[in-house]
file entry.tsv (TSV, C-alpha atoms)
chain	number	residue	atom	x	y	z
A	1	MET	CA	31.31	0.46	-4.99
A	2	GLN	CA	30.58	2.52	-1.86
A	3	ASP	CA	29.70	5.53	-4.01
A	4	LEU	CA	27.33	3.36	-6.06
A	5	GLU	CA	25.63	2.03	-2.92
A	6	ARG	CA	25.21	5.53	-1.50
A	7	ALA	CA	23.72	6.77	-4.80
A	8	GLU	CA	21.39	3.78	-4.84
A	9	THR	CA	20.35	4.50	-1.25
A	10	GLU	CA	19.51	8.10	-2.08
A	11	LEU	CA	17.39	6.91	-5.02
A	12	ILE	CA	15.41	4.46	-2.90
A	13	ALA	CA	15.28	6.28	0.44
A	14	PRO	CA	16.10	9.95	-0.06
A	15	PRO	CA	16.74	12.08	3.03
A	16	PRO	CA	13.47	12.64	4.89
A	17	SER	CA	11.69	15.88	4.05
A	18	ARG	CA	10.61	17.86	7.10
A	19	LEU	CA	8.18	19.78	4.90
A	20	ARG	CA	6.53	16.57	3.70
A	21	ALA	CA	6.31	15.24	7.26
A	22	LEU	CA	4.80	18.52	8.46
A	23	LEU	CA	2.36	18.59	5.54
A	24	GLY	CA	1.25	15.03	6.29
A	25	LEU	CA	0.74	15.87	9.95
A	26	VAL	CA	-1.28	18.98	9.11
A	27	VAL	CA	-3.43	17.04	6.62
A	28	SER	CA	-4.15	14.35	9.22
A	29	ILE	CA	-4.98	16.90	11.93
A	30	VAL	CA	-7.39	18.73	9.62
A	31	ALA	CA	-9.00	15.45	8.47
A	32	VAL	CA	-9.35	14.12	12.02
A	33	ALA	CA	-10.76	17.45	13.22
A	34	GLY	CA	-13.31	17.41	10.42
A	35	CYS	CA	-14.33	13.85	11.25
A	36	VAL	CA	-14.64	14.63	14.97
A	37	LEU	CA	-16.68	17.80	14.41
A	38	TRP	CA	-19.05	15.88	12.15
A	39	ALA	CA	-19.23	12.92	14.54
A	40	ARG	CA	-20.18	15.14	17.48
A	41	LYS	CA	-23.44	15.94	15.72
A	42	GLN	CA	-24.31	12.25	15.30
A	43	ASP	CA	-25.65	9.63	17.67
A	44	LYS	CA	-23.11	7.47	19.46
A	45	PRO	CA	-21.37	4.89	17.22
A	46	THR	CA	-23.14	1.61	16.60
A	47	LEU	CA	-21.03	-1.37	17.72
A	48	PRO	CA	-21.49	-5.17	17.66
A	49	GLN	CA	-24.01	-6.37	20.23
A	50	ASP	CA	-23.57	-10.13	20.57
A	51	ALA	CA	-21.23	-13.04	19.90
A	52	GLU	CA	-22.50	-13.52	16.34
A	53	ASP	CA	-21.64	-9.92	15.50
A	54	TRP	CA	-18.13	-10.27	16.90
A	55	ALA	CA	-17.75	-13.54	14.97
A	56	LEU	CA	-18.35	-11.59	11.75
A	57	LEU	CA	-15.47	-9.28	12.69
A	58	ALA	CA	-13.26	-12.28	13.44
A	59	LEU	CA	-14.15	-13.68	10.02
A	60	GLY	CA	-13.16	-10.34	8.52
A	61	VAL	CA	-9.75	-10.56	10.20
A	62	ALA	CA	-9.31	-14.08	8.81
A	63	VAL	CA	-10.21	-12.96	5.28
A	64	TYR	CA	-7.74	-10.09	5.57
A	65	GLY	CA	-5.07	-12.59	6.60
A	66	VAL	CA	-5.78	-14.53	3.41
A	67	THR	CA	-5.41	-11.34	1.32
A	68	ILE	CA	-1.99	-10.75	2.90
A	69	LEU	CA	-0.95	-14.29	1.95
A	70	VAL	CA	-2.14	-13.72	-1.63
A	71	ARG	CA	-0.17	-10.47	-1.77
A	72	GLY	CA	2.88	-12.36	-0.51
A	73	TRP	CA	2.42	-14.97	-3.24
A	74	ARG	CA	2.05	-12.20	-5.82
A	75	TRP	CA	5.30	-10.56	-4.71
A	76	ARG	CA	7.06	-13.94	-4.82
A	77	GLU	CA	5.94	-14.40	-8.43
A	78	ILE	CA	7.22	-10.92	-9.33
A	79	LEU	CA	10.57	-11.63	-7.67
A	80	ARG	CA	10.87	-14.94	-9.51
A	81	PHE	CA	10.18	-13.24	-12.83
A	82	ALA	CA	12.89	-10.66	-12.05
A	83	ASP	CA	15.28	-13.56	-11.25
A	84	ILE	CA	15.77	-12.38	-7.67
A	85	LYS	CA	16.90	-15.32	-5.57
A	86	HIS	CA	15.16	-15.22	-2.19
A	87	GLU	CA	13.63	-17.33	0.54
A	88	PRO	CA	9.91	-17.84	-0.17
A	89	ALA	CA	9.13	-17.12	3.48
A	90	ASP	CA	10.61	-13.64	3.07
A	91	ALA	CA	8.16	-12.78	0.31
A	92	TYR	CA	5.27	-13.48	2.69
A	93	GLY	CA	6.91	-12.20	5.85
A	94	LEU	CA	8.14	-8.90	4.41
A	95	VAL	CA	4.74	-8.05	2.93
A	96	THR	CA	3.38	-8.26	6.47
A	97	VAL	CA	6.31	-6.24	7.81
A	98	GLY	CA	5.72	-3.68	5.07
A	99	TYR	CA	2.10	-3.19	6.04
A	100	MET	CA	3.15	-2.80	9.66
A	101	GLY	CA	5.74	-0.21	8.64
A	102	ASN	CA	3.23	1.75	6.57
A	103	ASN	CA	0.96	1.86	9.62
A	104	VAL	CA	3.55	3.11	12.11
A	105	LEU	CA	6.24	4.87	10.05
A	106	PRO	CA	5.87	8.07	7.99
A	107	ALA	CA	6.14	8.32	4.21
A	108	ARG	CA	5.27	4.64	3.60
A	109	GLY	CA	8.30	3.56	5.60
A	110	GLY	CA	7.15	-0.04	5.33
A	111	GLU	CA	8.16	-0.15	1.68
A	112	VAL	CA	11.62	1.12	2.61
A	113	LEU	CA	11.87	-1.63	5.22
A	114	ARG	CA	11.00	-4.25	2.61
A	115	ILE	CA	13.63	-2.93	0.21
A	116	PHE	CA	16.50	-2.93	2.69
A	117	LEU	CA	15.60	-6.18	4.43
A	118	LEU	CA	15.14	-8.21	1.24
A	119	ALA	CA	18.27	-6.71	-0.34
A	120	GLU	CA	20.37	-7.99	2.55
A	121	ARG	CA	18.72	-11.43	2.47
A	122	SER	CA	18.68	-12.07	-1.30
A	123	SER	CA	20.71	-11.78	-4.48
A	124	ALA	CA	19.11	-8.44	-5.43
A	125	ARG	CA	20.30	-4.89	-5.30
A	126	ARG	CA	18.04	-2.39	-3.60
A	127	ARG	CA	16.86	-0.79	-6.84
A	128	GLU	CA	15.87	-4.21	-8.17
A	129	VAL	CA	13.73	-4.80	-5.08
A	130	LEU	CA	12.30	-1.32	-5.57
A	131	GLY	CA	11.34	-2.32	-9.11
A	132	SER	CA	9.44	-5.35	-7.82
A	133	ILE	CA	7.49	-3.20	-5.36
A	134	LEU	CA	6.70	-0.65	-8.07
A	135	THR	CA	5.28	-3.52	-10.13
A	136	GLU	CA	3.04	-4.41	-7.18
A	137	ARG	CA	1.85	-0.81	-6.96
A	138	MET	CA	1.10	-0.73	-10.69
A	139	LEU	CA	-1.02	-3.87	-10.36
A	140	ASP	CA	-2.90	-2.34	-7.41
A	141	ALA	CA	-3.41	0.97	-9.21
A	142	GLY	CA	-4.69	-0.76	-12.31
A	143	ALA	CA	-7.15	-2.86	-10.34
A	144	LEU	CA	-8.43	0.12	-8.34
A	145	VAL	CA	-8.88	2.29	-11.41
A	146	ALA	CA	-10.70	-0.50	-13.27
A	147	LEU	CA	-13.00	-1.12	-10.29
A	148	PHE	CA	-13.63	2.61	-9.86
A	149	ALA	CA	-14.56	2.99	-13.53
A	150	MET	CA	-16.86	-0.05	-13.37
A	151	LEU	CA	-18.60	1.15	-10.18
A	152	THR	CA	-19.06	4.61	-11.65
A	153	ALA	CA	-20.51	3.20	-14.86
A	154	LEU	CA	-22.97	1.17	-12.78
A	155	ASN	CA	-23.79	4.28	-10.70
A	156	VAL	CA	-23.13	2.36	-7.48
A	157	GLY	CA	-23.93	4.48	-4.45
A	158	GLY	CA	-24.98	7.32	-6.72
A	159	SER	CA	-21.34	7.80	-7.83
A	160	PRO	CA	-20.49	10.11	-4.88
A	161	ALA	CA	-17.21	11.24	-6.43
A	162	GLY	CA	-18.90	12.06	-9.74
A	163	ARG	CA	-18.10	10.64	-13.14
A	164	THR	CA	-15.26	12.98	-14.06
A	165	PRO	CA	-12.64	11.41	-11.71
A	166	ALA	CA	-13.46	7.96	-13.11
A	167	TYR	CA	-13.06	9.20	-16.68
A	168	ILE	CA	-9.73	10.82	-15.81
A	169	ALA	CA	-8.45	7.73	-13.98
A	170	GLY	CA	-9.58	5.43	-16.79
A	171	GLY	CA	-7.94	7.68	-19.37
A	172	LEU	CA	-4.67	7.67	-17.46
A	173	LEU	CA	-4.76	3.87	-17.24
A	174	VAL	CA	-5.35	3.54	-20.99
A	175	ALA	CA	-2.60	6.09	-21.69
A	176	PHE	CA	-0.17	4.17	-19.47
A	177	LEU	CA	-0.92	0.87	-21.19
A	178	GLY	CA	-0.56	2.56	-24.56
A	179	ALA	CA	2.78	4.08	-23.59
A	180	MET	CA	4.06	0.67	-22.49
A	181	ALA	CA	2.98	-0.85	-25.81
A	182	VAL	CA	4.70	1.92	-27.79
A	183	TYR	CA	7.86	1.57	-25.70
A	184	LEU	CA	7.92	-2.19	-26.30
A	185	ARG	CA	7.61	-1.71	-30.07
A	186	LEU	CA	10.41	0.85	-30.07
A	187	ARG	CA	12.64	-1.51	-28.09
A	188	LEU	CA	11.92	-4.35	-30.52
A	189	ALA	CA	13.02	-1.97	-33.27
A	190	GLY	CA	16.31	-1.34	-31.44
A	191	ARG	CA	15.46	2.19	-30.29
A	192	LEU	CA	15.91	3.87	-26.86
A	193	GLN	CA	18.86	1.65	-25.92
A	194	GLY	CA	20.46	4.23	-23.63
A	195	PHE	CA	17.24	4.85	-21.74
A	196	ALA	CA	16.63	1.10	-21.42
A	197	ASP	CA	20.12	0.57	-19.94
A	198	ARG	CA	19.50	3.22	-17.28
A	199	VAL	CA	16.09	2.00	-16.14
A	200	ARG	CA	16.63	-1.74	-16.57
A	201	PRO	CA	17.48	-2.55	-12.90
A	202	VAL	CA	14.28	-0.87	-11.69
A	203	ALA	CA	12.04	-1.67	-14.67
A	204	ARG	CA	12.99	-5.33	-15.19
A	205	ALA	CA	10.22	-6.66	-12.95
A	206	SER	CA	7.58	-4.50	-14.63
A	207	ARG	CA	8.01	-6.41	-17.90
A	208	LEU	CA	5.92	-9.08	-16.21
A	209	LEU	CA	2.89	-6.86	-16.79
A	210	LEU	CA	3.15	-7.51	-20.54
A	211	THR	CA	3.01	-11.29	-20.14
A	212	ARG	CA	0.27	-13.82	-19.60
A	213	ARG	CA	1.51	-14.29	-16.04
A	214	GLY	CA	1.12	-10.57	-15.53
A	215	ALA	CA	-2.51	-10.79	-16.65
A	216	GLU	CA	-3.06	-13.59	-14.13
A	217	LEU	CA	-1.54	-11.49	-11.36
A	218	ALA	CA	-3.73	-8.55	-12.38
A	219	LEU	CA	-6.78	-10.79	-12.01
A	220	ALA	CA	-5.54	-12.01	-8.62
A	221	THR	CA	-5.05	-8.39	-7.57
A	222	ALA	CA	-8.64	-7.53	-8.48
A	223	VAL	CA	-9.80	-10.53	-6.43
A	224	VAL	CA	-7.78	-9.27	-3.45
A	225	TRP	CA	-9.51	-5.88	-3.59
A	226	LEU	CA	-12.89	-7.57	-3.90
A	227	ALA	CA	-11.99	-9.63	-0.82
A	228	GLU	CA	-11.28	-6.40	1.08
A	229	SER	CA	-14.72	-5.24	-0.01
A	230	ILE	CA	-16.22	-8.39	1.49
A	231	ILE	CA	-14.36	-7.55	4.71
A	232	PHE	CA	-16.07	-4.16	4.83
A	233	TRP	CA	-19.40	-5.84	4.08
A	234	LEU	CA	-18.79	-8.19	7.04
A	235	VAL	CA	-17.96	-5.21	9.25
A	236	GLY	CA	-21.20	-3.55	8.17
A	237	ALA	CA	-23.19	-6.73	8.79
A	238	SER	CA	-21.81	-6.90	12.34
A	239	ILE	CA	-23.61	-3.62	13.16
A	240	GLY	CA	-26.70	-4.13	11.02
A	241	LEU	CA	-25.55	-1.94	8.14
A	242	SER	CA	-27.47	-2.88	4.99
A	243	ILE	CA	-25.18	-2.25	2.02
A	244	THR	CA	-24.32	-4.42	-0.94
A	245	VAL	CA	-20.92	-5.87	-1.76
A	246	LEU	CA	-20.65	-3.44	-4.69
A	247	GLU	CA	-21.29	-0.52	-2.35
A	248	SER	CA	-18.66	-1.93	0.01
A	249	THR	CA	-16.28	-2.08	-2.94
A	250	LEU	CA	-16.88	1.61	-3.63
A	251	VAL	CA	-16.05	2.47	-0.02
A	252	VAL	CA	-12.79	0.48	-0.17
A	253	VAL	CA	-11.77	1.96	-3.52
A	254	LEU	CA	-12.39	5.56	-2.42
A	255	ALA	CA	-10.57	4.99	0.88
A	256	SER	CA	-7.59	3.55	-1.01
A	257	PHE	CA	-7.45	6.62	-3.27
A	258	PHE	CA	-7.63	8.93	-0.25
A	259	ALA	CA	-4.72	6.99	1.27
A	260	LEU	CA	-2.52	8.45	-1.49
A	261	ILE	CA	-2.84	11.89	0.11
A	262	PRO	CA	0.24	12.66	2.28
A	263	ALA	CA	-0.79	12.09	5.87
A	264	ALA	CA	0.45	10.77	9.21
A	265	PRO	CA	1.34	7.06	9.56
A	266	GLY	CA	-1.60	4.74	9.03
A	267	TYR	CA	-3.32	7.31	6.80
A	268	VAL	CA	-4.86	8.75	9.95
A	269	GLY	CA	-7.78	11.00	9.15
A	270	THR	CA	-7.72	10.74	5.35
A	271	TYR	CA	-8.71	7.06	5.22
A	272	ASP	CA	-11.45	7.56	7.80
A	273	ALA	CA	-12.78	10.67	6.06
A	274	ALA	CA	-13.10	8.71	2.81
A	275	VAL	CA	-15.12	5.96	4.52
A	276	LEU	CA	-17.44	8.50	6.15
A	277	PHE	CA	-17.80	10.44	2.89
A	278	ALA	CA	-18.75	7.35	0.91
A	279	LEU	CA	-21.22	6.08	3.51
A	280	GLY	CA	-22.72	9.54	3.90
A	281	ALA	CA	-23.36	9.67	0.14
A	282	MET	CA	-25.23	6.37	0.52
A	283	ASN	CA	-27.44	7.94	3.23
A	284	VAL	CA	-26.08	5.64	5.93
A	285	PRO	CA	-27.01	6.96	9.41
A	286	GLY	CA	-24.12	8.74	11.12
A	287	SER	CA	-23.98	6.36	14.07
A	288	LYS	CA	-23.53	3.34	11.81
A	289	ALA	CA	-21.09	5.16	9.52
A	290	ILE	CA	-18.86	6.03	12.48
A	291	GLY	CA	-19.09	2.50	13.86
A	292	ALA	CA	-18.22	1.00	10.48
A	293	ALA	CA	-15.22	3.33	10.04
A	294	LEU	CA	-13.85	2.51	13.49
A	295	LEU	CA	-14.37	-1.24	13.16
A	296	PHE	CA	-12.95	-1.40	9.63
A	297	ARG	CA	-9.78	0.31	10.85
A	298	LEU	CA	-9.65	-2.14	13.75
A	299	VAL	CA	-9.93	-5.15	11.42
A	300	ILE	CA	-7.48	-4.17	8.67
A	301	PHE	CA	-4.90	-2.15	10.59
A	302	VAL	CA	-4.44	-3.60	14.07
A	303	PRO	CA	-3.93	-7.37	13.48
A	304	VAL	CA	-1.46	-6.92	10.57
A	305	THR	CA	0.48	-4.34	12.57
A	306	ILE	CA	0.82	-6.73	15.51
A	307	ALA	CA	1.79	-9.61	13.20
A	308	GLY	CA	4.33	-7.41	11.42
A	309	LEU	CA	5.92	-6.33	14.69
A	310	VAL	CA	6.20	-9.95	15.82
A	311	LEU	CA	7.83	-10.95	12.51
A	312	MET	CA	10.13	-7.94	12.61
A	313	VAL	CA	11.46	-9.04	15.99
A	314	ALA	CA	11.40	-12.84	15.58
A	315	ARG	CA	12.68	-13.17	12.00
A	316	TYR	CA	14.47	-9.92	11.18
A	317	GLY	CA	16.04	-9.03	14.52
A	318	GLY	CA	13.90	-6.03	15.32
A	319	LEU	CA	13.74	-2.53	13.89
A	320	ARG	CA	16.72	-1.28	15.87
A	321	ALA	CA	18.96	-4.05	14.52
A	322	ALA	CA	17.77	-3.37	10.97
A	323	LEU	CA	18.63	0.31	11.38
A	324	ARG	CA	22.09	-0.61	12.68
A	325	ARG	CA	22.81	-2.98	9.80
A	326	SER	CA	21.65	-0.42	7.27
A	327	ALA	CA	23.89	2.23	8.84
A	328	GLN	CA	26.90	-0.10	8.71
A	329	ARG	CA	26.34	-0.79	5.00
A	330	ASP	CA	26.25	2.93	4.28
A	331	VAL	CA	29.53	3.76	6.07
A	332	PRO	CA	31.93	5.34	3.50
A	333	PRO	CA	35.43	3.93	2.93
A	334	ALA	CA	37.97	4.77	5.62
A	335	SER	CA	39.88	7.21	3.42
A	336	GLY	CA	39.29	10.28	5.48
A	337	PRO	CA	37.83	11.60	8.70
A	338	ALA	CA	34.25	11.38	7.45
A	339	ALA	CA	31.80	10.09	10.02
A	340	PRO	CA	29.43	7.22	9.26
A	341	GLN	CA	26.33	8.36	7.45
A	342	GLU	CA	22.96	8.05	9.07
A	343	SER	CA	20.81	5.13	8.00
A	344	PRO	CA	18.08	6.00	5.50
A	345	LEU	CA	15.79	3.75	7.47
A	346	ALA	CA	16.51	5.76	10.56
A	347	GLY	CA	15.59	8.90	8.69
A	348	SER	CA	12.33	7.35	7.60
A	349	HIS	CA	11.61	6.28	11.17
A	350	ARG	CA	11.92	9.83	12.48
A	351	GLY	CA	10.00	11.29	9.54
call {"tool": "encode", "arguments": {"input": "entry.tsv", "output": "structure tokens"}}
result
Amino acid sequence: MQDLERAETELIAPPPSRLRALLGLVVSIVAVAGCVLWARKQDKPTLPQDAEDWALLALGVAVYGVTILVRGWRWREILRFADIKHEPADAYGLVTVGYMGNNVLPARGGEVLRIFLLAERSSARRREVLGSILTERMLDAGALVALFAMLTALNVGGSPAGRTPAYIAGGLLVAFLGAMAVYLRLRLAGRLQGFADRVRPVARASRLLLTRRGAELALATAVVWLAESIIFWLVGASIGLSITVLESTLVVVLASFFALIPAAPGYVGTYDAAVLFALGAMNVPGSKAIGAALLFRLVIFVPVTIAGLVLMVARYGGLRAALRRSAQRDVPPASGPAAPQESPLAGSHRG
């Protein structure tokens, strides 16, 4: 059993790669340096001027809070489909903790936190929780690709990334859906049994994508991303930036794609470069582009990080306690002089 748990741990949270951490740091430094060099040639950032402007930012924070709740509901539905017994409050709370972890820990450490914390508070094994999170990511990827293709087809913002990336992304989405359909037909014909047995613990939750409920969650996911676009539109309105909701959607979609590039915690540099790139392609003045990038980061990163830290301490005993519990679960049987293994969460924390 201990050997199985250790193998499962290595699958979910492999030992941290120093090369990956170094690469992410270098990418962030280069991206930040590029943003700073460009910003030095612009006028000073435009910021909100009066109470009405700051109220728009507060409204943006509130809308983002709603999107987090919807994401928590979505994860709860995925867990229920996978027959993972859990407290409903954990589905909402751990989504918030996960976002906090992604903002302060390297290598998307927030997802690792969610896996280990829910596994110890539910009926699921870690790889089953991993499967539920992968299903979330597939829903997000599908929504982003569909929005990107639609915005490119409509030539929103002059399609700053060009049409080729949209065609490639759309083709990959269609190929993925086709592969899932072929796999399902083969399984119904009794084929690929050995492969199905191996991937079942991780892939069980993803079967939801082939159901009517999965289609409903895909629609909800698209609405969440559109809500984030409205948040950016509110941020722009607070500094007098005249862009449409569709243009705001393009900014959010491009920034989300740039967030996939390995970088320092919080996607420092890469996320901001994407926002500036998109706004620059729309001929937004530099001062307003910088102000919008700074304020958007303030709205969608700071409040959820604070809320996640509070939940981590109040409900889950704090990060240090989580690391200690994880380390105790990974201690090998007392059959030899082997020392306790280091927690995979601790490795993620150090990066």
call {"tool": "residues_around", "arguments": {"input": "entry.tsv", "residues": "A:Leu309", "least_positions_apart": "6", "cutoff": "9 Å", "atoms": "only C-alpha atoms", "output": "compact mmCIF listing (two decimals) with C-alpha atoms, in the coordinates of the input"}}
result
# COMPACT_ATOMS: atom_id res chain seq x y z
CA THR A 96 3.38 -8.26 6.47
CA VAL A 97 6.31 -6.24 7.81
CA MET A 100 3.15 -2.80 9.66
CA GLY A 101 5.74 -0.21 8.64
CA GLY A 318 13.90 -6.03 15.32
CA LEU A 319 13.74 -2.53 13.89
call {"tool": "residues_around", "arguments": {"input": "entry.tsv", "residues": "A:Glu87", "least_positions_apart": "6", "cutoff": "12 Å", "atoms": "all atoms listed in the file", "output": "MDAnalysis selection string"}}
result
chainID A and resid 72 75:76 79:80 93:94 117:123
call {"tool": "residues_around", "arguments": {"input": "entry.tsv", "residues": "A:Gly308", "least_positions_apart": "4", "cutoff": "12 Å", "atoms": "all atoms listed in the file", "output": "VMD selection string"}}
result
chain A and resid 65 68 92 to 104 110 113 to 114 301 to 304 312 to 316 318 to 319
call {"tool": "residues_around", "arguments": {"input": "entry.tsv", "residues": "A:Asp83", "least_positions_apart": "3", "cutoff": "10 Å", "atoms": "all atoms listed in the file", "output": "tab-separated table (two decimals) with C-alpha atoms, in the frame of the given file"}}
result
chain	number	residue	atom	x	y	z
A	77	GLU	CA	5.94	-14.40	-8.43
A	78	ILE	CA	7.22	-10.92	-9.33
A	79	LEU	CA	10.57	-11.63	-7.67
A	80	ARG	CA	10.87	-14.94	-9.51
A	86	HIS	CA	15.16	-15.22	-2.19
A	123	SER	CA	20.71	-11.78	-4.48
A	124	ALA	CA	19.11	-8.44	-5.43
A	128	GLU	CA	15.87	-4.21	-8.17
A	204	ARG	CA	12.99	-5.33	-15.19
A	205	ALA	CA	10.22	-6.66	-12.95
call {"tool": "residues_around", "arguments": {"input": "entry.tsv", "residues": "stretch 287-299 of chain A", "least_positions_apart": "2", "cutoff": "9 Å", "atoms": "all atoms listed in the file", "output": "JSON, numbers by chain"}}
result
{"A": [39, 42, 43, 44, 45, 46, 47, 48, 57, 58, 60, 61, 64, 231, 232, 235, 236, 238, 239, 240, 241, 271, 272, 273, 275, 276, 279, 280, 284, 285, 301, 302, 303, 304]}
call {"tool": "axis_aligned_box", "arguments": {"input": "entry.tsv", "around": "stretch 188-191 of chain A", "padding_each_side": "4 Å", "output": "AutoDock Vina command-line options"}}
result
--center_x 14.1 --center_y -1.1 --center_z -31.8 --size_x 12.4 --size_y 14.5 --size_z 11.0
call {"tool": "closest_residue", "arguments": {"input": "entry.tsv", "among": "A:Leu105, A:Gln49, A:Ser229, A:Gln193", "to": "A:Thr305", "atoms": "only C-alpha atoms"}}
result
A:Leu105
call {"tool": "atom_distance", "arguments": {"input": "entry.tsv", "atom1": "atom CA of A:Thr135", "atom2": "atom CA of A:Leu219"}}
result
14.2 Å
call {"tool": "atom_distance", "arguments": {"input": "entry.tsv", "atom1": "atom CA of A:Asp53", "atom2": "atom CA of A:Leu234"}}
result
9.1 Å
call {"tool": "atom_distance", "arguments": {"input": "entry.tsv", "atom1": "atom CA of A:Gly131", "atom2": "atom CA of A:Leu188"}}
result
21.5 Å
call {"tool": "closest_residue", "arguments": {"input": "entry.tsv", "among": "A:Leu139, A:Gly24, A:Met282, A:Arg71", "to": "A:Val156", "atoms": "only C-alpha atoms"}}
result
A:Met282
call {"tool": "closest_residue", "arguments": {"input": "entry.tsv", "among": "A:Arg126, A:Arg185, A:Arg74, A:Lys85", "to": "A:Asp140", "atoms": "only C-alpha atoms"}}
result
A:Arg74
call {"tool": "closest_residue", "arguments": {"input": "entry.tsv", "among": "A:Leu59, A:Leu208, A:Leu250, A:Leu184", "to": "A:Ala166", "atoms": "only C-alpha atoms"}}
result
A:Leu250
call {"tool": "closest_residue", "arguments": {"input": "entry.tsv", "among": "A:Leu147, A:Leu177, A:Ile168, A:Val268", "to": "A:Ser248", "atoms": "all atoms listed in the file"}}
result
A:Leu147
call {"tool": "closest_atom_pairs", "arguments": {"input": "entry.tsv", "of": "stretch 162-228 of chain A", "to": "stretch 251-260 of chain A", "cutoff": "12 Å", "atoms": "all atoms listed in the file", "output": "JSON lines"}}
result
{"residue": "A:Gly162", "atom": "CA", "partner": "A:Leu254", "partner_atom": "CA", "distance": 11.8}
{"residue": "A:Pro165", "atom": "CA", "partner": "A:Leu254", "partner_atom": "CA", "distance": 11.0}
{"residue": "A:Ala166", "atom": "CA", "partner": "A:Leu254", "partner_atom": "CA", "distance": 11.0}
{"residue": "A:Ala169", "atom": "CA", "partner": "A:Phe257", "partner_atom": "CA", "distance": 10.8}
{"residue": "A:Ala222", "atom": "CA", "partner": "A:Val253", "partner_atom": "CA", "distance": 11.2}
{"residue": "A:Val224", "atom": "CA", "partner": "A:Val252", "partner_atom": "CA", "distance": 11.4}
{"residue": "A:Trp225", "atom": "CA", "partner": "A:Val252", "partner_atom": "CA", "distance": 7.9}
{"residue": "A:Leu226", "atom": "CA", "partner": "A:Val252", "partner_atom": "CA", "distance": 8.9}
{"residue": "A:Ala227", "atom": "CA", "partner": "A:Val252", "partner_atom": "CA", "distance": 10.2}
{"residue": "A:Glu228", "atom": "CA", "partner": "A:Val252", "partner_atom": "CA", "distance": 7.2}
call {"tool": "build_atoms", "arguments": {"input": "entry.tsv", "residues": "stretch 285-297 of chain A", "atoms": "N, CA and C atoms", "output": "compact mmCIF listing (two decimals), in the coordinates of the input"}}
result
# COMPACT_ATOMS: atom_id res chain seq x y z
N PRO A 285 -26.94 6.16 8.18
CA PRO A 285 -27.01 6.96 9.41
C PRO A 285 -25.63 7.20 10.01
N GLY A 286 -25.43 8.38 10.59
CA GLY A 286 -24.12 8.74 11.12
C GLY A 286 -23.58 7.77 12.15
N SER A 287 -24.44 7.27 13.03
CA SER A 287 -23.98 6.36 14.07
C SER A 287 -23.39 5.08 13.48
N LYS A 288 -24.04 4.56 12.44
CA LYS A 288 -23.53 3.34 11.81
C LYS A 288 -22.30 3.63 10.95
N ALA A 289 -22.26 4.81 10.32
CA ALA A 289 -21.09 5.16 9.52
C ALA A 289 -19.85 5.27 10.41
N ILE A 290 -20.00 5.90 11.56
CA ILE A 290 -18.86 6.03 12.48
C ILE A 290 -18.44 4.66 13.00
N GLY A 291 -19.42 3.84 13.38
CA GLY A 291 -19.09 2.50 13.86
C GLY A 291 -18.38 1.68 12.81
N ALA A 292 -18.84 1.76 11.56
CA ALA A 292 -18.22 1.00 10.48
C ALA A 292 -16.79 1.47 10.23
N ALA A 293 -16.57 2.79 10.26
CA ALA A 293 -15.22 3.33 10.04
C ALA A 293 -14.26 2.87 11.12
N LEU A 294 -14.71 2.91 12.38
CA LEU A 294 -13.85 2.51 13.49
C LEU A 294 -13.54 1.01 13.43
N LEU A 295 -14.56 0.21 13.17
CA LEU A 295 -14.37 -1.24 13.16
C LEU A 295 -13.55 -1.69 11.95
N PHE A 296 -13.74 -1.03 10.81
CA PHE A 296 -12.95 -1.40 9.63
C PHE A 296 -11.48 -1.12 9.87
N ARG A 297 -11.18 0.02 10.50
CA ARG A 297 -9.78 0.31 10.85
C ARG A 297 -9.26 -0.73 11.82
